[in-house]
$ cat my_file-v7.txt   # compact mmCIF, C-alpha atoms and all ligand atoms
# COMPACT_ATOMS: atom_id res chain seq x y z
CA MET P 1 -5.27 -6.23 4.65
CA ARG P 2 -6.59 -2.87 5.84
CA ALA P 3 -10.14 -1.59 5.61
CA LEU P 4 -10.79 2.14 5.39
CA ALA P 5 -14.24 3.77 5.43
CA LEU P 6 -14.26 6.68 2.96
CA HIS P 7 -17.97 7.34 3.53
CA PRO P 8 -20.76 5.57 5.47
CA ASP P 9 -21.54 3.73 2.20
CA VAL P 10 -18.00 3.11 0.91
CA VAL P 11 -15.23 0.93 2.35
CA VAL P 12 -11.86 0.37 0.67
CA VAL P 13 -10.04 -2.87 1.41
CA ALA P 14 -6.32 -2.56 0.70
CA GLY P 15 -4.63 -5.90 0.03
CA ALA P 16 -1.25 -6.83 1.46
CA VAL P 17 0.33 -7.57 -1.94
CA LEU P 18 0.48 -5.60 -5.21
CA GLY P 19 -1.11 -2.66 -3.36
CA VAL P 20 -4.48 -3.81 -4.74
CA ASN P 21 -7.67 -2.07 -3.68
CA CYS P 22 -11.15 -3.52 -3.46
CA VAL P 23 -14.04 -1.08 -3.01
CA ILE P 24 -17.28 -2.06 -1.31
CA VAL P 25 -20.22 0.23 -1.93
CA ARG P 26 -23.66 0.21 -0.37
CA GLY P 27 -26.56 1.95 -2.01
CA ALA P 28 -29.12 2.71 0.65
CA VAL P 29 -32.55 4.23 0.41
CA GLU P 30 -31.98 7.83 -0.55
CA ALA P 31 -32.07 10.19 2.43
CA GLN P 32 -34.80 12.81 2.39
CA GLY P 33 -33.78 16.43 2.70
CA THR P 34 -30.26 17.69 2.29
CA GLY P 35 -27.01 16.94 4.03
CA ALA P 36 -28.37 14.00 6.03
CA GLU P 37 -26.25 10.88 6.23
CA PRO P 38 -28.14 8.12 4.47
CA VAL P 39 -27.70 5.57 7.23
CA ALA P 40 -27.43 5.69 11.01
CA ALA P 41 -24.11 4.14 12.07
CA GLY P 42 -24.37 0.53 13.17
CA MET P 43 -27.57 -0.24 11.29
CA GLU P 44 -28.20 -2.02 8.04
CA PRO P 45 -30.68 0.16 6.17
CA ALA P 46 -33.79 -1.41 4.70
CA GLY P 47 -33.65 -1.81 0.94
CA ALA P 48 -29.88 -1.41 0.81
CA GLU P 49 -27.83 -3.21 -1.81
CA THR P 50 -24.08 -3.86 -1.92
CA PHE P 51 -21.65 -4.15 -4.82
CA VAL P 52 -18.01 -5.20 -4.58
CA ILE P 53 -15.65 -3.55 -7.07
CA ASP P 54 -12.41 -5.42 -7.97
CA SER P 55 -10.82 -7.71 -5.38
CA PRO P 56 -7.95 -8.43 -3.03
CA VAL P 57 -5.79 -11.33 -4.23
CA LEU P 58 -4.71 -13.38 -1.19
CA PRO P 59 -6.99 -16.28 -0.10
CA ASP P 60 -7.21 -15.09 3.54
CA GLU P 61 -8.20 -11.60 2.39
CA LEU P 62 -10.92 -12.96 0.10
CA ASP P 63 -12.17 -15.23 2.91
CA ALA P 64 -12.39 -12.23 5.27
CA LEU P 65 -14.60 -10.15 2.95
CA PRO P 66 -18.02 -11.63 3.95
CA THR P 67 -17.28 -11.03 7.65
CA LEU P 68 -16.04 -7.52 6.94
CA LEU P 69 -19.26 -6.70 5.09
CA ALA P 70 -21.39 -8.07 7.92
CA GLN P 71 -19.43 -6.08 10.53
CA ALA P 72 -19.90 -2.91 8.49
CA HIS P 73 -23.65 -3.63 8.27
CA PHE P 74 -23.52 -3.98 4.51
CA PRO P 75 -25.84 -6.67 3.07
CA ALA P 76 -24.21 -9.56 1.16
CA PRO P 77 -23.32 -8.31 -2.33
CA SER P 78 -25.89 -8.70 -5.05
CA GLY P 79 -23.33 -7.90 -7.71
CA LEU P 80 -19.59 -7.73 -8.36
CA LEU P 81 -17.92 -5.24 -10.70
CA ALA P 82 -14.44 -5.34 -12.22
CA THR P 83 -12.75 -2.22 -13.57
CA HIS P 84 -11.01 -4.32 -16.26
CA GLY P 85 -10.13 -7.86 -17.22
CA ASP P 86 -6.69 -8.25 -15.62
CA TRP P 87 -6.71 -11.29 -13.30
CA ASP P 88 -5.86 -9.31 -10.15
CA HIS P 89 -9.18 -7.43 -10.41
CA LEU P 90 -11.39 -10.47 -11.07
CA LEU P 91 -11.17 -12.56 -7.93
CA ALA P 92 -14.24 -11.44 -5.96
CA ARG P 93 -16.16 -14.52 -7.12
CA LEU P 94 -13.80 -16.60 -4.99
CA ALA P 95 -15.34 -14.79 -1.98
CA PHE P 96 -18.90 -14.55 -3.33
CA PRO P 97 -19.34 -17.46 -5.75
CA THR P 98 -23.05 -16.89 -6.38
CA ALA P 99 -22.90 -13.15 -7.07
CA ALA P 100 -22.94 -12.12 -10.74
CA LEU P 101 -19.93 -10.27 -12.18
CA GLY P 102 -20.52 -7.16 -14.28
CA CYS P 103 -17.90 -5.43 -16.45
CA GLY P 104 -17.79 -2.96 -19.29
CA GLU P 105 -18.78 -4.51 -22.61
CA ASP P 106 -15.17 -4.21 -23.81
CA THR P 107 -14.02 -6.33 -20.86
CA VAL P 108 -16.64 -9.00 -21.60
CA GLU P 109 -15.35 -9.07 -25.18
CA ARG P 110 -11.77 -9.47 -23.95
CA LEU P 111 -12.71 -12.27 -21.54
CA ARG P 112 -14.66 -14.08 -24.27
CA ALA P 113 -11.84 -13.71 -26.80
CA ARG P 114 -9.30 -15.23 -24.42
CA PRO P 115 -11.02 -17.77 -22.21
CA GLY P 116 -8.94 -19.09 -19.31
CA GLU P 117 -6.41 -16.24 -19.47
CA ALA P 118 -7.28 -14.88 -16.01
CA GLN P 119 -7.15 -18.38 -14.52
CA ARG P 120 -3.73 -19.02 -16.08
CA ALA P 121 -2.35 -15.71 -14.78
CA LEU P 122 -3.76 -16.46 -11.32
CA ARG P 123 -2.16 -19.92 -11.36
CA SER P 124 1.23 -18.50 -12.26
CA PHE P 125 0.95 -15.88 -9.47
CA ASP P 126 -0.06 -18.60 -7.00
CA GLU P 127 2.78 -20.89 -8.06
CA GLY P 128 5.29 -18.10 -7.50
CA LEU P 129 4.11 -17.61 -3.91
CA LEU P 130 3.23 -21.29 -3.21
CA ILE P 131 -0.42 -20.36 -2.68
CA ASP P 132 -2.94 -23.18 -2.66
CA ARG P 133 -6.55 -22.12 -3.34
CA PRO P 134 -9.45 -24.23 -2.10
CA ARG P 135 -11.39 -23.77 -5.34
CA PRO P 136 -10.71 -22.66 -8.90
CA LEU P 137 -11.78 -19.26 -10.21
CA SER P 138 -15.04 -19.34 -12.13
CA LEU P 139 -16.26 -16.03 -13.54
CA GLY P 140 -19.77 -17.33 -14.28
CA SER P 141 -21.74 -15.58 -16.98
CA VAL P 142 -20.30 -12.09 -17.01
CA GLN P 143 -22.76 -9.27 -17.62
CA GLY P 144 -21.65 -6.55 -20.06
CA LEU P 145 -22.40 -2.95 -19.07
CA PRO P 146 -22.56 -0.18 -21.70
CA LEU P 147 -19.94 2.59 -21.28
CA PRO P 148 -20.62 5.32 -20.54
CA GLY P 149 -23.59 4.23 -18.53
CA ARG P 150 -25.23 3.95 -15.16
CA CYS P 151 -25.86 1.11 -12.78
CA ASP P 152 -28.34 1.07 -9.89
CA VAL P 153 -27.22 0.04 -6.44
CA GLY P 154 -30.18 0.17 -4.06
CA GLU P 155 -31.79 3.52 -4.72
CA ARG P 156 -28.47 5.06 -5.63
CA GLU P 157 -26.66 5.09 -8.92
CA LEU P 158 -23.09 4.43 -10.03
CA GLU P 159 -21.72 6.27 -13.06
CA LEU P 160 -19.67 4.09 -15.38
CA HIS P 161 -17.08 5.70 -17.65
CA PRO P 162 -14.89 4.14 -20.35
CA ALA P 163 -11.24 3.80 -19.32
CA ALA P 164 -9.20 1.88 -21.91
CA GLY P 165 -5.48 2.40 -22.55
CA HIS P 166 -3.78 0.40 -19.82
CA THR P 167 -5.43 -2.54 -21.59
CA SER P 168 -7.93 -2.63 -24.47
CA ASP P 169 -10.76 -2.49 -21.92
CA GLY P 170 -11.53 -0.53 -18.78
CA MET P 171 -14.16 1.20 -16.70
CA ALA P 172 -13.93 3.97 -14.11
CA ILE P 173 -16.74 4.10 -11.56
CA LEU P 174 -17.93 7.32 -9.96
CA ILE P 175 -19.82 6.84 -6.69
CA GLY P 176 -21.28 10.31 -6.98
CA TRP P 177 -23.19 10.65 -3.69
CA ALA P 178 -20.09 9.59 -1.74
CA GLY P 179 -17.56 11.58 -3.78
CA VAL P 180 -15.46 8.48 -4.55
CA LEU P 181 -13.92 7.78 -7.96
CA VAL P 182 -12.65 4.23 -8.62
CA VAL P 183 -10.31 4.41 -11.60
CA GLY P 184 -8.84 0.93 -12.13
CA ASP P 185 -5.19 0.84 -13.21
CA TYR P 186 -4.65 4.60 -13.62
CA LEU P 187 -3.39 7.34 -11.28
CA SER P 188 -1.35 4.93 -9.21
CA PRO P 189 1.15 6.54 -6.84
CA LEU P 190 3.08 3.23 -7.03
CA GLU P 191 3.06 2.30 -10.70
CA LEU P 192 3.93 4.05 -13.93
CA PRO P 193 1.52 4.01 -16.86
CA SER P 194 1.83 0.56 -18.43
CA PHE P 195 0.27 -1.13 -21.44
CA SER P 196 -0.73 -4.72 -22.04
CA ASP P 197 -3.44 -6.71 -23.80
CA GLY P 198 -4.18 -4.10 -26.44
CA GLY P 199 -3.46 -1.03 -24.31
CA ASP P 200 -1.65 1.92 -25.88
CA PRO P 201 -0.34 5.35 -24.89
CA THR P 202 -2.85 7.33 -27.00
CA ALA P 203 -5.89 5.67 -25.48
CA TYR P 204 -4.22 5.92 -22.05
CA GLY P 205 -3.82 9.68 -22.45
CA ALA P 206 -7.45 10.04 -23.56
CA THR P 207 -8.58 8.16 -20.46
CA LEU P 208 -6.48 10.44 -18.24
CA GLU P 209 -8.19 13.47 -19.80
CA ARG P 210 -11.59 11.87 -19.20
CA LEU P 211 -10.64 11.22 -15.57
CA ARG P 212 -9.54 14.84 -15.21
CA GLY P 213 -13.14 15.85 -15.92
CA LEU P 214 -14.41 13.59 -13.14
CA LEU P 215 -11.89 14.57 -10.47
CA SER P 216 -13.75 17.73 -9.48
CA ARG P 217 -16.65 15.53 -8.35
CA ALA P 218 -14.47 13.29 -6.18
CA ASP P 219 -13.09 13.79 -2.68
CA HIS P 220 -11.32 10.43 -2.82
CA VAL P 221 -9.75 8.67 -5.79
CA VAL P 222 -9.11 4.93 -5.47
CA PRO P 223 -6.45 3.63 -7.88
CA GLY P 224 -6.24 -0.08 -8.70
CA HIS P 225 -2.89 -0.20 -6.91
CA GLY P 226 -1.61 2.02 -4.12
CA PRO P 227 -2.91 4.39 -1.46
CA VAL P 228 -6.20 6.27 -1.82
CA LEU P 229 -5.64 9.81 -3.09
CA ASP P 230 -7.29 13.12 -2.46
CA CYS P 231 -8.30 15.10 -5.52
CA ALA P 232 -5.21 17.36 -5.48
CA ARG P 233 -2.74 14.45 -5.34
CA ALA P 234 -4.68 12.57 -8.04
CA LEU P 235 -4.41 15.62 -10.28
CA GLU P 236 -0.65 15.82 -9.62
CA ILE P 237 -0.20 12.18 -10.64
CA LEU P 238 -2.41 12.75 -13.68
CA GLU P 239 -0.14 15.58 -14.85
CA GLU P 240 3.01 13.53 -14.15
CA ASP P 241 1.60 10.60 -16.10
CA LEU P 242 0.60 12.77 -19.09
CA HIS P 243 4.13 14.18 -19.06
CA TYR P 244 5.58 10.66 -18.85
CA LEU P 245 3.46 9.55 -21.83
CA ALA P 246 4.42 12.62 -23.86
CA GLU P 247 8.11 11.95 -23.31
CA LEU P 248 8.01 8.18 -23.38
CA GLY P 249 11.03 7.00 -25.29
CA GLU P 250 13.06 10.14 -24.64
CA ALA P 251 15.84 9.91 -22.07
CA ARG P 252 14.25 11.40 -18.95
CA LYS P 253 13.80 10.96 -15.26
CA LEU P 254 10.84 9.03 -13.92
CA PRO P 255 8.36 10.95 -11.70
CA ALA P 256 9.60 11.67 -8.18
CA GLY P 257 8.66 8.88 -5.78
CA ARG P 258 8.32 6.42 -8.67
CA ARG P 259 11.94 5.66 -9.54
CA GLY P 260 12.39 2.32 -7.76
CA ALA P 261 13.18 -1.10 -9.21
CA ALA P 262 9.51 -1.97 -9.90
CA GLN P 263 8.91 1.28 -11.81
CA GLN P 264 12.21 0.87 -13.74
CA ARG P 265 10.94 -2.55 -14.86
CA ILE P 266 7.65 -1.06 -16.09
CA HIS P 267 9.55 1.72 -17.86
CA ALA P 268 11.86 -0.78 -19.58
CA ALA P 269 8.83 -2.80 -20.71
CA ASN P 270 7.18 0.36 -22.09
CA LEU P 271 10.33 1.22 -24.04
CA ALA P 272 10.63 -2.33 -25.32
CA ALA P 273 7.03 -2.15 -26.53
CA LEU P 274 7.96 0.99 -28.45
CA GLY P 275 10.97 -0.81 -29.91
CA GLN P 276 13.45 1.30 -27.96
CA GLU P 277 15.95 0.59 -25.28
CA ASP P 278 16.55 2.74 -22.24
CA LEU P 279 19.69 4.75 -22.93
ZN ZN U 1 -4.08 -4.29 -11.76

$ encode --input "my_file-v7.txt" --output "structure tokens"
Amino acid sequence: MRALALHPDVVVVAGAVLGVNCVIVRGAVEAQGTGAEPVAAGMEPAGAETFVIDSPVLPDELDALPTLLAQAHFPAPSGLLATHGDWDHLLARLAFPTAALGCGEDTVERLRARPGEAQRALRSFDEGLLIDRPRPLSLGSVQGLPLPGRCDVGERELELHPAAGHTSDGMAILIGWAGVLVVGDYLSPLELPSFSDGGDPTAYGATLERLRGLLSRADHVVPGHGPVLDCARALEILEEDLHYLAELGEARKLPAGRRGAAQQRIHAANLAALGQEDL
């Protein structure tokens, strides 16, 4: 697990498996004047609040999160957010069992419609790697957030944008004051566009266009899986992915840097979903 500070108020924790990213954001008391950093380094600001977005997946990584927050002088999280309802984004409650989880309303609907799905997927992942967890995953009462919408963190504000297409649900989070855009399972330099649980290429493309409009306000883009991107690289991947979607089903090469065995598997699954075989 690696932790990377993108801004005094934003830390990304990159997990050791699946390339998963967890974003920790602190909303401090708004700085007066312009250009001032909101918080002096090494101090926990009064009135600050912390949210944890998505999660790492390994038990040791989850166990390390509270210490990491304390070392970074972030208060214990008052809320958890998940970009969508796939199990690998929902595990933060294993680290912070009393914090409430908030998701887009479409994610809450998905979780309600299929209770226990995340737990079953987690169990199958754990069985594959012989992982034994000290306690089961309980999501608690998940709070639905309207999309688009806003969400206060301390005296700051997160912008929440709809991002369905990979699945039937999804939320991108713009941390405007820090110039960080958290996109969920889009714009991954590791994965190809993929669809499950009600996702589809048309909605996926519409989400990419929506993200395009947000990129100009972001210095850093954090995909659900893979390294953090600058705005230019994110835009490159966005164009590659739109091109991939437009030509999905035609015989074509996968985007450069994404032609390995894992991406071939995703591509084959996409073609199978369209009722075609890779020729
Ligand atoms: Zn994911």

$ closest_residue --input "my_file-v7.txt" --among "P:Ile175, P:Asp241, P:Leu145, P:Ala262" --to "Glu157 (chain P)" --atoms "only C-alpha atoms"
P:Ile175

$ residues_around --input "my_file-v7.txt" --residues "region 232-237 of chain P" --least-positions-apart "4" --cutoff "12 Å" --atoms "all atoms listed in the file" --output "mmCIF file with C-alpha atoms, in the frame of the given file"
data_model
loop_
_atom_site.group_PDB
_atom_site.id
_atom_site.type_symbol
_atom_site.label_atom_id
_atom_site.label_comp_id
_atom_site.auth_asym_id
_atom_site.auth_seq_id
_atom_site.Cartn_x
_atom_site.Cartn_y
_atom_site.Cartn_z
ATOM 1 C CA LEU P 181 -13.920 7.780 -7.960
ATOM 2 C CA VAL P 182 -12.650 4.230 -8.620
ATOM 3 C CA VAL P 183 -10.310 4.410 -11.600
ATOM 4 C CA TYR P 186 -4.650 4.600 -13.620
ATOM 5 C CA LEU P 187 -3.390 7.340 -11.280
ATOM 6 C CA SER P 188 -1.350 4.930 -9.210
ATOM 7 C CA PRO P 189 1.150 6.540 -6.840
ATOM 8 C CA LEU P 190 3.080 3.230 -7.030
ATOM 9 C CA GLU P 191 3.060 2.300 -10.700
ATOM 10 C CA LEU P 192 3.930 4.050 -13.930
ATOM 11 C CA PRO P 193 1.520 4.010 -16.860
ATOM 12 C CA LEU P 208 -6.480 10.440 -18.240
ATOM 13 C CA GLU P 209 -8.190 13.470 -19.800
ATOM 14 C CA LEU P 211 -10.640 11.220 -15.570
ATOM 15 C CA ARG P 212 -9.540 14.840 -15.210
ATOM 16 C CA GLY P 213 -13.140 15.850 -15.920
ATOM 17 C CA LEU P 214 -14.410 13.590 -13.140
ATOM 18 C CA LEU P 215 -11.890 14.570 -10.470
ATOM 19 C CA SER P 216 -13.750 17.730 -9.480
ATOM 20 C CA ARG P 217 -16.650 15.530 -8.350
ATOM 21 C CA ALA P 218 -14.470 13.290 -6.180
ATOM 22 C CA ASP P 219 -13.090 13.790 -2.680
ATOM 23 C CA HIS P 220 -11.320 10.430 -2.820
ATOM 24 C CA VAL P 221 -9.750 8.670 -5.790
ATOM 25 C CA VAL P 222 -9.110 4.930 -5.470
ATOM 26 C CA PRO P 223 -6.450 3.630 -7.880
ATOM 27 C CA GLY P 226 -1.610 2.020 -4.120
ATOM 28 C CA PRO P 227 -2.910 4.390 -1.460
ATOM 29 C CA VAL P 228 -6.200 6.270 -1.820
ATOM 30 C CA ASP P 241 1.600 10.600 -16.100
ATOM 31 C CA LEU P 242 0.600 12.770 -19.090
ATOM 32 C CA HIS P 243 4.130 14.180 -19.060
ATOM 33 C CA TYR P 244 5.580 10.660 -18.850
ATOM 34 C CA LEU P 254 10.840 9.030 -13.920
ATOM 35 C CA PRO P 255 8.360 10.950 -11.700
ATOM 36 C CA ALA P 256 9.600 11.670 -8.180
ATOM 37 C CA GLY P 257 8.660 8.880 -5.780
ATOM 38 C CA ARG P 258 8.320 6.420 -8.670
#

$ residues_near_ligand --input "my_file-v7.txt" --ligand "ligand ZN 1 (chain U)" --cutoff "9 Å" --atoms "only C-alpha atoms and all ligand atoms" --output "list of chain:residue names"
P:Leu18, P:Val20, P:His84, P:Gly85, P:Asp86, P:Trp87, P:Asp88, P:His89, P:Gly184, P:Asp185, P:Gly224, P:His225

$ atom_distance --input "my_file-v7.txt" --atom1 "CA of Gln143 (chain P)" --atom2 "CA of Glu105 (chain P)"
8.0 Å

$ atom_distance --input "my_file-v7.txt" --atom1 "CA of Arg26 (chain P)" --atom2 "CA of Thr83 (chain P)"
17.3 Å

$ closest_residue --input "my_file-v7.txt" --among "P:Leu248, P:Ile173, P:Ile131, P:Ala113" --to "Ile24 (chain P)" --atoms "all atoms listed in the file"
P:Ile173

$ residues_around --input "my_file-v7.txt" --residues "Gly198 (chain P)" --least-positions-apart "2" --cutoff "9 Å" --atoms "all atoms listed in the file" --output "list of chain:residue names"
P:Gly165, P:His166, P:Thr167, P:Ser168, P:Asp169, P:Phe195, P:Ser196, P:Asp200

$ write_last_selection --input "my_file-v7.txt" --atoms "C-alpha atoms" --output "tab-separated table (two decimals), in the coordinates of the input"
chain	number	residue	atom	x	y	z
P	165	GLY	CA	-5.48	2.40	-22.55
P	166	HIS	CA	-3.78	0.40	-19.82
P	167	THR	CA	-5.43	-2.54	-21.59
P	168	SER	CA	-7.93	-2.63	-24.47
P	169	ASP	CA	-10.76	-2.49	-21.92
P	195	PHE	CA	0.27	-1.13	-21.44
P	196	SER	CA	-0.73	-4.72	-22.04
P	200	ASP	CA	-1.65	1.92	-25.88

$ atom_distance --input "my_file-v7.txt" --atom1 "CA of Gly102 (chain P)" --atom2 "CA of Ser141 (chain P)"
8.9 Å

$ closest_residue --input "my_file-v7.txt" --among "P:Pro75, P:Pro134, P:Gly170, P:Gly275" --to "Gly47 (chain P)" --atoms "all atoms listed in the file"
P:Pro75

$ closest_residue --input "my_file-v7.txt" --among "P:Phe96, P:Leu271, P:Asp63, P:Val11" --to "Pro201 (chain P)" --atoms "only C-alpha atoms"
P:Leu271

$ closest_residue --input "my_file-v7.txt" --among "P:Leu94, P:Glu127, P:Asp106, P:Leu111" --to "Leu147 (chain P)" --atoms "all atoms listed in the file"
P:Asp106

$ residues_around --input "my_file-v7.txt" --residues "Ala70 (chain P)" --least-positions-apart "2" --cutoff "12 Å" --atoms "all atoms listed in the file" --output "MDAnalysis selection string"
chainID P and resid 24 26 42:44 50 64:68 72:77

$ build_atoms --input "my_file-v7.txt" --residues "region 248-262 of chain P" --atoms "N, CA, C and O atoms" --output "compact mmCIF listing (two decimals), in the frame of the given file"
# COMPACT_ATOMS: atom_id res chain seq x y z
N LEU P 248 7.64 9.60 -23.40
CA LEU P 248 8.01 8.18 -23.38
C LEU P 248 8.96 7.91 -24.54
O LEU P 248 8.68 8.22 -25.68
N GLY P 249 10.07 7.28 -24.23
CA GLY P 249 11.03 7.00 -25.29
C GLY P 249 12.17 7.98 -25.32
O GLY P 249 13.23 7.69 -25.83
N GLU P 250 11.96 9.18 -24.77
CA GLU P 250 13.06 10.14 -24.64
C GLU P 250 13.81 9.78 -23.35
O GLU P 250 13.23 9.22 -22.45
N ALA P 251 15.11 10.13 -23.31
CA ALA P 251 15.84 9.91 -22.07
C ALA P 251 15.31 10.93 -21.05
O ALA P 251 15.32 12.12 -21.30
N ARG P 252 14.77 10.47 -19.96
CA ARG P 252 14.25 11.40 -18.95
C ARG P 252 14.15 10.70 -17.62
O ARG P 252 14.24 9.49 -17.52
N LYS P 253 13.96 11.51 -16.60
CA LYS P 253 13.80 10.96 -15.26
C LYS P 253 12.36 10.52 -15.06
O LYS P 253 11.43 11.15 -15.56
N LEU P 254 12.18 9.47 -14.28
CA LEU P 254 10.84 9.03 -13.92
C LEU P 254 10.28 10.00 -12.87
O LEU P 254 11.03 10.73 -12.23
N PRO P 255 8.94 10.04 -12.70
CA PRO P 255 8.36 10.95 -11.70
C PRO P 255 8.92 10.71 -10.30
O PRO P 255 9.21 9.57 -9.94
N ALA P 256 9.09 11.77 -9.54
CA ALA P 256 9.60 11.67 -8.18
C ALA P 256 8.74 10.69 -7.39
O ALA P 256 7.52 10.70 -7.51
N GLY P 257 9.39 9.86 -6.59
CA GLY P 257 8.66 8.88 -5.78
C GLY P 257 8.32 7.62 -6.55
O GLY P 257 7.77 6.67 -6.00
N ARG P 258 8.62 7.61 -7.87
CA ARG P 258 8.32 6.42 -8.67
C ARG P 258 9.55 6.05 -9.51
O ARG P 258 9.47 5.93 -10.73
N ARG P 259 10.68 5.94 -8.83
CA ARG P 259 11.94 5.66 -9.54
C ARG P 259 12.59 4.38 -9.02
O ARG P 259 13.79 4.17 -9.20
N GLY P 260 11.83 3.55 -8.34
CA GLY P 260 12.39 2.32 -7.76
C GLY P 260 12.51 1.22 -8.79
O GLY P 260 12.23 1.40 -9.97
N ALA P 261 12.92 0.03 -8.30
CA ALA P 261 13.18 -1.10 -9.21
C ALA P 261 11.90 -1.50 -9.95
O ALA P 261 11.95 -1.79 -11.15
N ALA P 262 10.76 -1.52 -9.25
CA ALA P 262 9.51 -1.97 -9.90
C ALA P 262 9.14 -1.01 -11.02
O ALA P 262 8.74 -1.43 -12.11
